[in-house]
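S.K.: The structure follows.
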Amino acid sequence: MCLSILLSPTGKEPSLLGTPKSVLILGGTKEAMDLAERLVARGNMRVATSLAGRTHAPETPAGETRIGGFGGAEGLAACMRKEGIDLVVDATHPFAVTISENAAQAVAQSDATLLSLQRPAWRPVAGDNWQSVASLQDACKAIPGNACVFLALGRQHIDAFAERTDVRFLVRMVDRPDTPLPFRSSELVIGKPSPDPQREAQLLKAHNVTLIICRNSGGSGAYAKIAAARRLSIPVIMVERPAEPAGKLFTTVDELMAAID
Ligand code: NAP
């Protein structure tokens, strides 16, 4: 699947603008949305955003949009060649490792430039009690017996904790899952994370949570639970990010915009 099946904002087949700069943003994040909007506003380059297609009705970025996998690094490289992409911005989520590796491999086969855009990781501040681990498996091993653990993780990540039949889990999901949770003892809360630390603290207290496990996603959207944990002196097992992406790394859209002519 390549840019020739792009969806234009008008729903019409987009024209290839033939500008010297043709930018492919690997998206799926708020930062990618912001970047697309600002590059399109410049009006001097073709801007296309690629989404993995995980979300049923994704918010549509400014410019052109394509949806679905490329078919690995080779597929991405072929797409770049076909569409004359001369700049790839990897603005995917910090834990989306495969697409970032594919981008590095694909760009290495081309004359294009690769830049990366990733929000800064959270850092502990006074009052935080974090244990940093490298993987979900390490997080699982680090849970003390008889804990009540808030697993602040997506559905696709919680199976790694099923072996801990000696602890109780609290899981929050936006939508009710199709299959039962894989735990001996657990509670399910349906809802989105609150941006308000007070509300997150109420949730933690109501369920007698003694430990939080989350990934170091960074950003403000999911930070309230960390602030709530600090307030309640609840320890956090923080699954740290995988290796940084390959392209020159920018942590804000402003910095990246300044780096693009
Ligand atoms: P991933 O494991 O790194 O990628 C798996 C495969 O999904 C890739 O090999 C690629 O398929 C396809 N893919 C991923 N991102 C794509 C994109 N932007 N455009 C086209 N294809 C893409 O990725 P993931 O962790 O499943 O995340 C999928 C998407 O959700 C990413 O775009 C990411 O920005 C967003 N997201 C992820 C998280 C997270 O926690 N991982 C959180 C929020 C948003 P092919 O090999 O076929 O090209």
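Note on naming: chains are A, B, ... as they come in the structure tokens, residues start from 1 per chain, ligands start from 1 in the order shown.
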What does the list of residues within 10 Å of ligand 1 look like if you count only C-alpha atoms and all ligand atoms, written as a PyMOL selection string?
M.R.: chain A and resi 1-2+24-32+49-55+65-77+90-103+153-154+156-157+215-217
S.K.: What lies within 8 Å of A:Arg119 using only C-alpha atoms, ignoring chain neighbours under 2 positions off, as number ranges by chain?
M.R.: A: 31, 94, 117, 121, 218-219, 251-252
S.K.: Nearest to A:Ala228 among A:Thr179, A:Arg241, A:Ala201, A:Asp254, with distances taken over only C-alpha atoms: which residue is it?
M.R.: A:Ala201
S.K.: In Å, with one decimal, what is the gap from atom CA of A:Asp175 to atom CA of A:Lys192?
M.R.: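 One can read the atom CA of A:Asp175 to atom CA of A:Lys192 distance as 9.0 Å.
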S.K.: Please list as a PyMOL selection string every residue within 7 Å of stretch 161-164 of chain A, counting only C-alpha atoms and excluding residues in the same chain fewer than 3 positions away.
M.R.: chain A and resi 140+158+167+182-183
S.K.: Go through A:Ile212, A:Ala160, A:Pro120, A:Gln137 one by one, measure the shortest atom-to-atom distance of each to A:Arg172 using only C-alpha atoms, and give the residue with the smallest value.
M.R.: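 Residue with the minimum atom-to-atom distance to A:Arg172: A:Ile212.
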S.K.: DSSP on the backbone: what in stretch 5-221 of chain A comes out strand (DSSP E), as an mmCIF file with C-alpha atoms, in the first residue's frame?
M.R.:
```
data_model
loop_
_atom_site.group_PDB
_atom_site.id
_atom_site.type_symbol
_atom_site.label_atom_id
_atom_site.label_comp_id
_atom_site.auth_asym_id
_atom_site.auth_seq_id
_atom_site.Cartn_x
_atom_site.Cartn_y
_atom_site.Cartn_z
ATOM 1 C CA SER A 22 7.983 15.493 -0.155
ATOM 2 C CA VAL A 23 7.631 14.604 3.505
ATOM 3 C CA LEU A 24 6.351 11.363 4.954
ATOM 4 C CA ILE A 25 5.401 11.557 8.629
ATOM 5 C CA LEU A 26 5.125 8.233 10.405
ATOM 6 C CA ARG A 46 3.878 17.805 0.044
ATOM 7 C CA VAL A 47 3.019 16.383 3.456
ATOM 8 C CA ALA A 48 1.672 12.887 3.968
ATOM 9 C CA THR A 49 1.069 11.140 7.286
ATOM 10 C CA SER A 50 1.051 7.367 7.610
ATOM 11 C CA LEU A 51 -1.078 5.703 10.283
ATOM 12 C CA GLU A 64 -2.532 13.594 2.936
ATOM 13 C CA THR A 65 -3.159 10.445 4.924
ATOM 14 C CA ARG A 66 -2.384 6.827 4.226
ATOM 15 C CA ILE A 67 -3.481 4.011 6.495
ATOM 16 C CA LEU A 87 12.244 13.440 4.140
ATOM 17 C CA VAL A 88 10.844 10.898 6.582
ATOM 18 C CA VAL A 89 9.884 12.071 10.048
ATOM 19 C CA ASP A 90 9.484 9.230 12.500
ATOM 20 C CA THR A 113 16.748 12.091 5.304
ATOM 21 C CA LEU A 114 15.358 10.619 8.510
ATOM 22 C CA LEU A 115 14.423 12.828 11.443
ATOM 23 C CA SER A 116 12.791 11.623 14.643
ATOM 24 C CA LEU A 117 10.300 13.405 16.843
ATOM 25 C CA TRP A 130 10.219 4.804 41.029
ATOM 26 C CA GLN A 131 11.875 1.567 40.146
ATOM 27 C CA SER A 132 12.965 1.660 36.519
ATOM 28 C CA VAL A 133 12.883 -1.605 34.583
ATOM 29 C CA CYS A 148 -2.472 -4.526 44.704
ATOM 30 C CA VAL A 149 -1.139 -3.370 41.341
ATOM 31 C CA PHE A 150 -2.633 -0.748 39.059
ATOM 32 C CA LEU A 151 -1.561 -1.904 35.600
ATOM 33 C CA ALA A 152 -1.668 1.349 33.657
ATOM 34 C CA ARG A 168 -4.377 -8.452 42.799
ATOM 35 C CA PHE A 169 -4.597 -6.273 39.697
ATOM 36 C CA LEU A 170 -6.572 -3.155 38.874
ATOM 37 C CA VAL A 171 -6.949 -2.627 35.134
ATOM 38 C CA ARG A 172 -8.497 0.368 33.378
ATOM 39 C CA MET A 173 -9.703 0.154 29.794
ATOM 40 C CA SER A 186 -8.467 -8.496 39.327
ATOM 41 C CA GLU A 187 -10.843 -5.580 39.037
ATOM 42 C CA LEU A 188 -11.710 -3.838 35.791
ATOM 43 C CA VAL A 189 -12.532 -0.137 35.545
ATOM 44 C CA ILE A 190 -13.964 1.140 32.268
ATOM 45 C CA LEU A 211 1.876 -0.197 43.339
ATOM 46 C CA ILE A 212 1.557 1.251 39.839
ATOM 47 C CA ILE A 213 3.121 -0.234 36.723
ATOM 48 C CA CYS A 214 3.304 1.926 33.615
ATOM 49 C CA ARG A 215 5.495 2.679 30.608
#
```
S.K.: As an MDAnalysis selection string, please: every residue in stretch 78-249 of chain A that a backbone DSSP assignment puts in alpha helix (DSSP H).
M.R.: chainID A and resid 78:83 97:108 136:142 197:206 224:232
S.K.: Keeping only N, CA and C atoms, write the selected residues to a file as a CSV table (one decimal), in the first residue's frame.
M.R.:
```csv
chain,number,residue,atom,x,y,z
A,78,ALA,N,10.1,0.9,-0.8
A,78,ALA,CA,9.5,0.9,-2.2
A,78,ALA,C,8.5,2.1,-2.3
A,79,CYS,N,7.8,2.3,-1.2
A,79,CYS,CA,6.8,3.4,-1.2
A,79,CYS,C,7.5,4.7,-1.3
A,80,MET,N,8.6,4.8,-0.6
A,80,MET,CA,9.4,6.1,-0.6
A,80,MET,C,9.9,6.4,-2.0
A,81,ARG,N,10.4,5.3,-2.7
A,81,ARG,CA,10.9,5.5,-4.0
A,81,ARG,C,9.8,5.9,-5.0
A,82,LYS,N,8.7,5.2,-4.9
A,82,LYS,CA,7.6,5.4,-5.8
A,82,LYS,C,7.1,6.9,-5.7
A,83,GLU,N,7.1,7.4,-4.4
A,83,GLU,CA,6.5,8.7,-4.2
A,83,GLU,C,7.5,9.8,-4.1
A,97,VAL,N,8.5,0.3,18.3
A,97,VAL,CA,9.9,0.0,17.9
A,97,VAL,C,10.1,-0.5,16.5
A,98,THR,N,9.2,-1.3,16.1
A,98,THR,CA,9.4,-2.0,14.8
A,98,THR,C,9.3,-1.0,13.6
A,99,ILE,N,8.3,-0.1,13.7
A,99,ILE,CA,8.2,0.9,12.6
A,99,ILE,C,9.4,1.8,12.6
A,100,SER,N,9.9,2.1,13.7
A,100,SER,CA,11.1,3.0,13.8
A,100,SER,C,12.3,2.3,13.2
A,101,GLU,N,12.5,1.0,13.5
A,101,GLU,CA,13.6,0.2,12.9
A,101,GLU,C,13.4,0.1,11.4
A,102,ASN,N,12.2,-0.1,11.0
A,102,ASN,CA,11.9,-0.2,9.5
A,102,ASN,C,12.2,1.1,8.8
A,103,ALA,N,11.9,2.2,9.5
A,103,ALA,CA,12.2,3.5,8.9
A,103,ALA,C,13.7,3.7,8.7
A,104,ALA,N,14.4,3.3,9.7
A,104,ALA,CA,15.9,3.5,9.6
A,104,ALA,C,16.4,2.7,8.4
A,105,GLN,N,15.9,1.4,8.3
A,105,GLN,CA,16.4,0.5,7.2
A,105,GLN,C,16.0,1.1,5.9
A,106,ALA,N,14.8,1.5,5.8
A,106,ALA,CA,14.3,2.0,4.5
A,106,ALA,C,15.0,3.3,4.0
A,107,VAL,N,15.2,4.2,5.0
A,107,VAL,CA,15.9,5.4,4.6
A,107,VAL,C,17.4,5.1,4.2
A,108,ALA,N,18.0,4.1,4.9
A,108,ALA,CA,19.4,3.8,4.6
A,108,ALA,C,19.5,3.3,3.1
A,136,LEU,N,8.4,-5.3,30.3
A,136,LEU,CA,7.3,-5.8,31.1
A,136,LEU,C,7.6,-7.0,31.9
A,137,GLN,N,8.4,-7.9,31.3
A,137,GLN,CA,8.8,-9.1,32.1
A,137,GLN,C,9.5,-8.8,33.3
A,138,ASP,N,10.4,-7.8,33.2
A,138,ASP,CA,11.2,-7.3,34.4
A,138,ASP,C,10.2,-6.7,35.4
A,139,ALA,N,9.2,-6.0,34.9
A,139,ALA,CA,8.2,-5.3,35.8
A,139,ALA,C,7.5,-6.4,36.6
A,140,CYS,N,7.1,-7.5,35.9
A,140,CYS,CA,6.4,-8.6,36.5
A,140,CYS,C,7.2,-9.2,37.6
A,141,LYS,N,8.5,-9.4,37.4
A,141,LYS,CA,9.3,-10.0,38.4
A,141,LYS,C,9.5,-9.1,39.6
A,142,ALA,N,9.4,-7.8,39.4
A,142,ALA,CA,9.7,-6.9,40.5
A,142,ALA,C,8.5,-6.6,41.4
A,197,PRO,N,-4.9,14.9,38.7
A,197,PRO,CA,-4.3,14.0,39.7
A,197,PRO,C,-5.2,13.7,40.9
A,198,GLN,N,-6.1,14.6,41.3
A,198,GLN,CA,-7.0,14.4,42.4
A,198,GLN,C,-7.9,13.2,42.0
A,199,ARG,N,-8.4,13.2,40.8
A,199,ARG,CA,-9.3,12.1,40.4
A,199,ARG,C,-8.6,10.8,40.3
A,200,GLU,N,-7.3,10.8,39.8
A,200,GLU,CA,-6.5,9.6,39.8
A,200,GLU,C,-6.2,9.1,41.2
A,201,ALA,N,-6.0,10.0,42.1
A,201,ALA,CA,-5.7,9.6,43.5
A,201,ALA,C,-7.0,8.9,44.1
A,202,GLN,N,-8.1,9.5,43.8
A,202,GLN,CA,-9.4,8.8,44.3
A,202,GLN,C,-9.5,7.4,43.8
A,203,LEU,N,-9.2,7.2,42.6
A,203,LEU,CA,-9.2,5.8,42.0
A,203,LEU,C,-8.3,4.9,42.7
A,204,LEU,N,-7.0,5.4,42.9
A,204,LEU,CA,-6.0,4.6,43.6
A,204,LEU,C,-6.4,4.2,45.0
A,205,LYS,N,-7.0,5.2,45.7
A,205,LYS,CA,-7.4,5.0,47.1
A,205,LYS,C,-8.6,4.0,47.2
A,206,ALA,N,-9.6,4.2,46.3
A,206,ALA,CA,-10.8,3.4,46.3
A,206,ALA,C,-10.5,2.0,46.1
A,224,ALA,N,-1.1,12.2,35.1
A,224,ALA,CA,-1.8,12.5,36.4
A,224,ALA,C,-1.7,11.4,37.3
A,225,LYS,N,-1.6,10.1,36.9
A,225,LYS,CA,-1.5,9.0,37.8
A,225,LYS,C,-0.1,9.0,38.5
A,226,ILE,N,0.9,9.6,37.8
A,226,ILE,CA,2.2,9.7,38.4
A,226,ILE,C,2.2,10.7,39.5
A,227,ALA,N,1.5,11.8,39.2
A,227,ALA,CA,1.4,12.9,40.3
A,227,ALA,C,0.6,12.3,41.4
A,228,ALA,N,-0.5,11.6,41.1
A,228,ALA,CA,-1.3,11.0,42.2
A,228,ALA,C,-0.5,10.0,43.1
A,229,ALA,N,0.3,9.2,42.4
A,229,ALA,CA,1.2,8.2,43.1
A,229,ALA,C,2.1,9.0,44.1
A,230,ARG,N,2.7,10.1,43.6
A,230,ARG,CA,3.6,10.9,44.5
A,230,ARG,C,2.8,11.4,45.7
A,231,ARG,N,1.6,11.9,45.4
A,231,ARG,CA,0.8,12.5,46.5
A,231,ARG,C,0.5,11.4,47.6
A,232,LEU,N,0.3,10.2,47.1
A,232,LEU,CA,-0.1,9.1,48.0
A,232,LEU,C,1.0,8.2,48.5
```
S.K.: Please determine, counting only C-alpha atoms, which residue among A:Trp122, A:Tyr223, A:Ser110, A:Arg155 has the shortest atom-to-atom distance to A:Val239.
M.R.: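 Looking at the shortest contact to A:Val239, the residue is A:Trp122.
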S.K.: Restricting the calculation to only C-alpha atoms, which member of A:Ala222, A:Leu181, A:Ile260, A:Val209 is positioned closest to A:Ser194?
M.R.: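 Looking at the shortest contact to A:Ser194, the residue is A:Ala222.
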